[in-house]
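Source file final-v8.txt; content: compact mmCIF, C-alpha atoms.
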# COMPACT_ATOMS: atom_id res chain seq x y z
CA MET A 1 126.34 101.26 82.39
CA LEU A 2 124.38 101.47 85.64
CA ARG A 3 121.89 103.80 84.01
CA VAL A 4 121.36 101.39 81.10
CA PHE A 5 121.11 98.43 83.45
CA SER A 6 118.62 100.28 85.66
CA VAL A 7 116.35 101.09 82.73
CA ALA A 8 116.49 97.46 81.56
CA TYR A 9 115.84 96.17 85.08
CA TRP A 10 112.76 98.33 85.70
CA ALA A 11 111.46 97.48 82.22
CA PHE A 12 111.94 93.78 83.04
CA ILE A 13 109.90 94.24 86.22
CA GLY A 14 107.15 96.03 84.32
CA ILE A 15 106.88 93.32 81.68
CA THR A 16 107.05 90.32 84.02
CA CYS A 17 104.52 91.84 86.42
CA VAL A 18 101.87 91.11 83.80
CA VAL A 19 102.69 87.40 83.95
CA PHE A 20 103.01 87.30 87.74
CA PHE A 21 99.73 89.15 88.23
CA ALA A 22 97.92 86.71 85.95
CA GLY A 23 99.28 83.94 88.15
CA ALA A 24 98.14 85.79 91.27
CA VAL A 25 94.57 85.97 89.94
CA VAL A 26 94.61 82.22 89.30
CA VAL A 27 95.95 81.52 92.81
CA TRP A 28 93.33 83.84 94.34
CA LEU A 29 90.46 82.20 92.46
CA VAL A 30 91.60 78.63 93.21
CA THR A 31 92.26 79.19 96.92
CA LEU A 32 89.40 81.60 97.69
CA PRO A 33 86.97 78.88 98.89
CA PHE A 34 89.30 77.47 101.56
CA ASP A 35 91.98 80.12 102.28
CA ARG A 36 90.17 83.03 103.90
CA ARG A 37 93.38 84.58 105.21
CA ARG A 38 94.88 84.35 101.70
CA LEU A 39 98.03 82.69 103.00
CA VAL A 40 98.77 80.92 99.72
CA LEU A 41 98.38 84.13 97.74
CA HIS A 42 100.70 85.97 100.12
CA LEU A 43 103.37 83.28 99.74
CA TYR A 44 102.98 83.49 95.96
CA SER A 45 103.39 87.28 96.24
CA SER A 46 106.49 86.73 98.39
CA ALA A 47 108.01 84.58 95.64
CA TRP A 48 107.05 87.20 93.04
CA ALA A 49 108.78 90.03 94.94
CA SER A 50 111.81 87.96 95.97
CA PHE A 51 112.37 86.94 92.37
CA TYR A 52 113.32 90.52 91.54
CA VAL A 53 115.91 90.56 94.33
CA TYR A 54 117.56 87.27 93.51
CA VAL A 55 117.79 87.83 89.73
CA ASN A 56 119.49 91.20 90.16
CA PRO A 57 123.26 90.60 89.85
CA LEU A 58 124.00 93.79 91.81
CA TRP A 59 122.18 92.63 94.94
CA ARG A 60 122.92 89.99 97.53
CA LEU A 61 120.43 89.27 100.29
CA ARG A 62 120.63 87.29 103.51
CA VAL A 63 117.72 86.69 105.87
CA ILE A 64 118.71 86.09 109.48
CA GLY A 65 116.37 84.84 112.20
CA ARG A 66 113.47 83.92 109.93
CA ALA A 67 112.68 80.95 112.19
CA ARG A 68 111.71 83.37 114.97
CA LEU A 69 108.60 84.42 113.05
CA PRO A 70 105.47 82.34 113.63
CA TRP A 71 103.60 80.45 110.93
CA HIS A 72 100.43 80.55 113.02
CA GLY A 73 98.92 83.21 115.25
CA ALA A 74 98.70 86.98 115.28
CA ALA A 75 101.74 89.21 115.73
CA VAL A 76 102.94 92.72 114.92
CA LEU A 77 106.07 93.02 112.79
CA VAL A 78 107.91 96.35 112.67
CA ALA A 79 110.85 97.26 110.43
CA ASN A 80 112.96 100.30 109.67
CA HIS A 81 112.43 101.90 106.28
CA ALA A 82 115.35 103.23 104.24
CA SER A 83 114.58 102.40 100.60
CA LEU A 84 111.92 101.45 98.10
CA ILE A 85 113.43 97.97 97.90
CA ASP A 86 112.73 97.33 101.61
CA ILE A 87 109.40 95.97 100.43
CA LEU A 88 111.07 93.47 98.12
CA VAL A 89 113.55 92.20 100.70
CA LEU A 90 110.94 91.90 103.46
CA PHE A 91 108.82 89.68 101.23
CA ALA A 92 111.81 87.31 101.39
CA LEU A 93 110.81 86.51 104.97
CA PHE A 94 108.33 84.04 103.47
CA ARG A 95 106.04 84.18 106.48
CA PRO A 96 102.34 85.01 106.55
CA TYR A 97 101.60 88.66 107.27
CA LYS A 98 99.63 91.58 105.89
CA TRP A 99 101.35 94.75 104.77
CA VAL A 100 100.35 98.22 105.90
CA SER A 101 101.34 100.46 103.00
CA LYS A 102 100.64 103.94 101.71
CA GLN A 103 97.52 104.11 99.57
CA GLU A 104 99.40 105.34 96.50
CA ILE A 105 100.95 101.89 96.06
CA PHE A 106 97.48 100.34 95.84
CA LYS A 107 96.82 102.50 92.77
CA VAL A 108 99.80 101.11 90.84
CA PRO A 109 98.54 98.79 88.08
CA LEU A 110 99.16 95.08 88.66
CA ILE A 111 101.18 95.50 91.87
CA GLY A 112 98.50 97.54 93.61
CA TRP A 113 95.77 95.25 92.32
CA ASN A 114 97.63 92.29 93.80
CA MET A 115 97.87 94.09 97.12
CA ARG A 116 94.10 94.43 97.18
CA LEU A 117 93.67 90.75 96.34
CA ASN A 118 95.89 89.98 99.35
CA ASP A 119 93.79 92.16 101.67
CA TYR A 120 96.77 94.32 102.57
CA VAL A 121 96.06 97.54 104.44
CA PRO A 122 96.11 100.97 102.75
CA LEU A 123 96.99 104.14 104.63
CA VAL A 124 96.80 107.80 103.62
CA ARG A 125 99.60 109.60 105.40
CA GLY A 126 98.49 112.64 107.36
CA SER A 127 94.82 111.60 107.40
CA SER A 128 93.45 110.84 110.86
CA ALA A 129 90.37 109.22 109.29
CA SER A 130 92.60 106.90 107.26
CA VAL A 131 94.63 106.02 110.36
CA ARG A 132 91.42 105.00 112.16
CA THR A 133 90.35 102.91 109.16
CA MET A 134 93.81 101.32 109.03
CA MET A 135 93.71 100.46 112.73
CA ASP A 136 90.23 98.93 112.37
CA HIS A 137 91.45 96.85 109.43
CA CYS A 138 94.48 95.68 111.44
CA ASP A 139 92.21 94.85 114.38
CA ARG A 140 90.18 92.54 112.14
CA LEU A 141 93.28 90.90 110.73
CA LEU A 142 94.85 90.29 114.14
CA THR A 143 91.57 88.92 115.50
CA ALA A 144 91.52 86.49 112.56
CA GLY A 145 95.07 85.37 113.39
CA SER A 146 96.99 87.23 110.68
CA PRO A 147 100.20 89.10 111.58
CA VAL A 148 100.58 92.65 110.30
CA LEU A 149 103.79 94.38 109.19
CA LEU A 150 104.26 98.13 109.56
CA PHE A 151 107.02 100.69 109.09
CA PRO A 152 106.65 102.59 112.40
CA GLU A 153 108.79 105.47 111.16
CA GLY A 154 105.88 106.26 108.82
CA ARG A 155 108.06 107.00 105.79
CA ARG A 156 111.52 106.35 104.40
CA THR A 157 114.35 107.95 106.32
CA PRO A 158 115.69 111.05 104.50
CA ASP A 159 119.27 110.70 105.75
CA GLY A 160 119.79 107.07 106.75
CA SER A 161 119.26 107.63 110.48
CA LEU A 162 116.51 105.77 112.35
CA GLN A 163 113.53 108.11 112.77
CA PRO A 164 111.16 108.26 115.78
CA PHE A 165 108.50 105.54 115.82
CA LYS A 166 104.79 106.19 115.75
CA ASN A 167 102.48 104.51 118.27
CA GLY A 168 100.03 102.61 116.04
CA ALA A 169 101.84 99.26 115.78
CA PHE A 170 102.43 99.14 119.50
CA ASP A 171 98.89 100.11 120.41
CA LEU A 172 97.79 97.13 118.30
CA SER A 173 100.20 94.82 120.12
CA VAL A 174 99.01 95.91 123.55
CA ARG A 175 95.32 95.83 122.63
CA HIS A 176 95.54 92.31 121.22
CA GLN A 177 98.29 91.11 123.57
CA VAL A 178 100.37 89.76 120.69
CA PRO A 179 104.17 89.91 120.37
CA VAL A 180 106.11 92.55 118.51
CA TYR A 181 108.91 91.33 116.23
CA PRO A 182 111.48 94.06 115.52
CA ILE A 183 113.14 93.61 112.11
CA ALA A 184 116.35 95.39 111.13
CA VAL A 185 116.78 95.96 107.40
CA HIS A 186 120.43 96.56 106.51
CA GLY A 187 122.04 97.89 103.35
CA THR A 188 119.03 98.73 101.20
CA ARG A 189 119.58 102.48 101.22
CA ALA A 190 122.93 101.89 99.54
CA ALA A 191 121.20 99.96 96.75
CA LEU A 192 118.75 102.65 95.68
CA PRO A 193 118.71 106.39 96.47
CA ARG A 194 115.67 107.78 98.21
CA ASN A 195 114.66 110.02 95.32
CA GLY A 196 115.88 108.09 92.32
CA VAL A 197 115.63 104.86 90.37
CA ILE A 198 119.24 104.45 89.17
CA LEU A 199 120.69 101.39 90.89
CA ARG A 200 124.07 101.62 92.57
CA GLU A 201 127.04 99.29 92.64
CA HIS A 202 127.00 95.84 94.24
CA VAL A 203 125.17 95.86 97.55
CA SER A 204 124.89 93.22 100.25
CA ALA A 205 121.60 93.62 102.09
CA ARG A 206 120.24 91.60 104.94
CA VAL A 207 117.00 91.28 106.86
CA GLU A 208 117.49 90.49 110.54
CA VAL A 209 114.57 89.28 112.65
CA LEU A 210 115.24 90.19 116.28
CA PRO A 211 113.84 88.50 119.41
CA ALA A 212 110.15 89.08 120.05
CA LEU A 213 108.92 91.58 122.61
CA ASP A 214 105.99 90.54 124.80
CA PRO A 215 103.64 93.47 125.52
CA ALA A 216 102.93 91.97 128.96
CA ASP A 217 106.54 92.82 129.90
CA PHE A 218 106.00 96.55 129.42
CA PRO A 219 103.87 99.04 131.38
CA ASP A 220 102.43 100.72 128.28
CA SER A 221 102.64 100.93 124.50
CA GLU A 222 105.12 103.83 124.62
CA SER A 223 107.72 101.79 126.50
CA LEU A 224 107.12 98.87 124.13
CA ARG A 225 107.62 101.25 121.19
CA GLU A 226 110.93 102.52 122.54
CA ALA A 227 112.16 98.99 123.29
CA ALA A 228 111.44 97.96 119.68
CA ARG A 229 113.14 101.05 118.32
CA GLN A 230 116.19 100.49 120.52
CA ALA A 231 116.46 96.87 119.44
CA ILE A 232 116.49 97.90 115.77
CA ALA A 233 118.88 100.78 116.45
CA ASN A 234 121.32 98.44 118.20
CA ALA A 235 121.20 95.99 115.31
CA LEU A 236 121.81 98.76 112.73
CA GLN A 237 124.82 100.03 114.67
CA GLN A 238 126.59 96.77 113.88
CA ASP A 239 126.89 97.74 110.20
Could I get this file's structure written as structure tokens?
Amino acid sequence: MLRVFSVAYWAFIGITCVVFFAGAVVVWLVTLPFDRRRLVLHLYSSAWASFYVYVNPLWRLRVIGRARLPWHGAAVLVANHASLIDILVLFALFRPYKWVSKQEIFKVPLIGWNMRLNDYVPLVRGSSASVRTMMDHCDRLLTAGSPVLLFPEGRRTPDGSLQPFKNGAFDLSVRHQVPVYPIAVHGTRAALPRNGVILREHVSARVEVLPALDPADFPDSESLREAARQAIANALQQD
């Protein structure tokens, strides 16, 4: 039954993406003259992604600490990455930010096109030139007052354990003197295997926004990085 349900669910996503993307184009065109940061389009995209979480009878999602995230001003958001559906549940934060995501996602019809409309940030893993381009793009976004969200592990965990964090997000925080918000994503790996698309039994996931870290309180970006990783690790240990 799970296999049949999974096929039907992914087919439902594929079909409804056509409708949602058409709506995204309308939102983009209407708001383009006055919404340079594309806040309205991002919130529309958040509703689009969250819809697929809340209509799935196998999934339950709670968001804890959303009020900690700012509506205005630049910030760096960092989250652990255990599953493909991390992207869906993090959209449920319903706060303005720009994703940093692997470039392959931007090539996916409809979804990738919407990511480009939103001015999200592509990254080619393993390419130093792409990393520099990504950092420059994030610099522009932060200067304009837009938060950015990154997975500092760089890729999904292969075994469920929290992987070492890369420096990029924390270099951005120190350079722009903006806070880092660690975000612990719980339970998503149980919902969908790393190398598969067959959904599993009922899963309760939650997104937990942890207290902000001020870069001024740390001597360098490496200590800020480790503090953020430890905060997420401590939160995940409560599962």
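Taking CA of Ile105 in chain A and CA of Ala24 in chain A as endpoints, the distance between them is 17.0 Å.
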(message) Report as a PyMOL selection string all protein, DNA and RNA residues lying within 12 Å of range 157-163 of chain A, evaluated on only C-alpha atoms, omitting residues in the same chain fewer than 3 positions from it.
(response) chain A and resi 79-84+86+151-154+166+184-190+192-195+226+228-237
(request) Tell me, in Å to one decimal, how far CA of Arg225 in chain A is from CA of Phe165 in chain A. (result) 6.9 Å
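Distances to Gly112 in chain A were evaluated for A:Ile15, A:Ile64, A:Val76, A:Ser45 using all atoms listed in the file, and the minimum falls at A:Ser45.
You can rank A:Val63, A:Gln177, A:Val100, A:Met115 by their closest distance to Tyr44 in chain A using only C-alpha atoms, and at the top of that list sits A:Met115.
For the set A:Leu210, A:Val4, A:Ile198, A:Ile13, the residue with the smallest atom-to-atom gap to Ala49 in chain A is A:Ile13, counting only C-alpha atoms.
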(message) If I take CA of Ala92 in chain A and CA of Gly23 in chain A, how far is one from the other in Å, to one decimal?
(response)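 Taking CA of Ala92 in chain A and CA of Gly23 in chain A, their separation equals 18.5 Å.
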(request) Between A:His72, A:Arg37, A:Arg155, A:Arg62, single out the one closest to Gly126 in chain A, counting only C-alpha atoms. (result)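 For Gly126 in chain A, the nearest of the candidates is A:Arg155.
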(request) For Asp220 in chain A, list every protein, DNA or RNA residue within 9 Å, evaluated using all atoms listed in the file, and leave out those in the same chain fewer than 4 positions away; present the list as a PyMOL selection string. (result) chain A and resi 170-171+174+215-216+224-225
(message) Using all atoms listed in the file, can you tell me which of A:Val209, A:Val18, A:Pro70, A:Ala8 comes closest to Pro109 in chain A?
(response) A:Val18
Counting all atoms listed in the file, give me one row per residue of range 12-124 of chain A with an atom at most 12 Å from an atom of range 138-141 of chain A, showing the shortest contact pair and its distance in Å to one decimal, sorted by chain then residue number, as CSV.
residue,atom,partner,partner_atom,distance
A:Arg36,CA,A:Leu141,CA,10.9
A:Arg37,CA,A:Leu141,CA,8.4
A:Arg38,CA,A:Leu141,CA,11.3
A:Gly73,CA,A:Leu141,CA,10.6
A:Ala74,CA,A:Leu141,CA,8.1
A:Ala75,CA,A:Leu141,CA,10.0
A:Val76,CA,A:Cys138,CA,9.6
A:Leu77,CA,A:Cys138,CA,12.0
A:Pro96,CA,A:Leu141,CA,11.6
A:Tyr97,CA,A:Leu141,CA,9.3
A:Lys98,CA,A:Leu141,CA,8.0
A:Trp99,CA,A:Cys138,CA,9.6
A:Val100,CA,A:Cys138,CA,8.5
A:Ser101,CA,A:Cys138,CA,11.9
A:Asn118,CA,A:Leu141,CA,11.7
A:Asp119,CA,A:Leu141,CA,9.2
A:Tyr120,CA,A:Cys138,CA,9.3
A:Val121,CA,A:Cys138,CA,7.4
A:Pro122,CA,A:Cys138,CA,10.3
A:Leu123,CA,A:Cys138,CA,11.1
Calculate, to one decimal in Å, the centre and edge lengths of the box along x, y and z of the file that holds all listed atoms of range 78-86 of chain A with 3 Å of margin on each side, and present them as AutoDock Vina command-line options.
--center_x 111.6 --center_y 99.8 --center_z 105.3 --size_x 13.4 --size_y 12.9 --size_z 20.8
(request) Write out as a PyMOL selection string which residues come within 9 Å of Arg66 in chain A when counting only C-alpha atoms, dropping same-chain ones fewer than 6 positions away. (result) chain A and resi 93-95+207-209
Kindly save the residues from that selection, with C-alpha atoms included, as a compact mmCIF listing (two decimals), in the frame of the given file.
# COMPACT_ATOMS: atom_id res chain seq x y z
CA LEU A 93 110.81 86.51 104.97
CA PHE A 94 108.33 84.04 103.47
CA ARG A 95 106.04 84.18 106.48
CA VAL A 207 117.00 91.28 106.86
CA GLU A 208 117.49 90.49 110.54
CA VAL A 209 114.57 89.28 112.65
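Nearest-residue note for Leu43 in chain A: choosing from A:Phe12, A:Val30, A:Phe91, A:Arg156, the minimum distance belongs to A:Phe91, counting only C-alpha atoms.
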(request) For His202 in chain A, work out the shell of residues within 10 Å, counting only C-alpha atoms and skipping chain neighbours fewer than 6 positions away, then give it as a PyMOL selection string. (result) chain A and resi 56-60+190-191
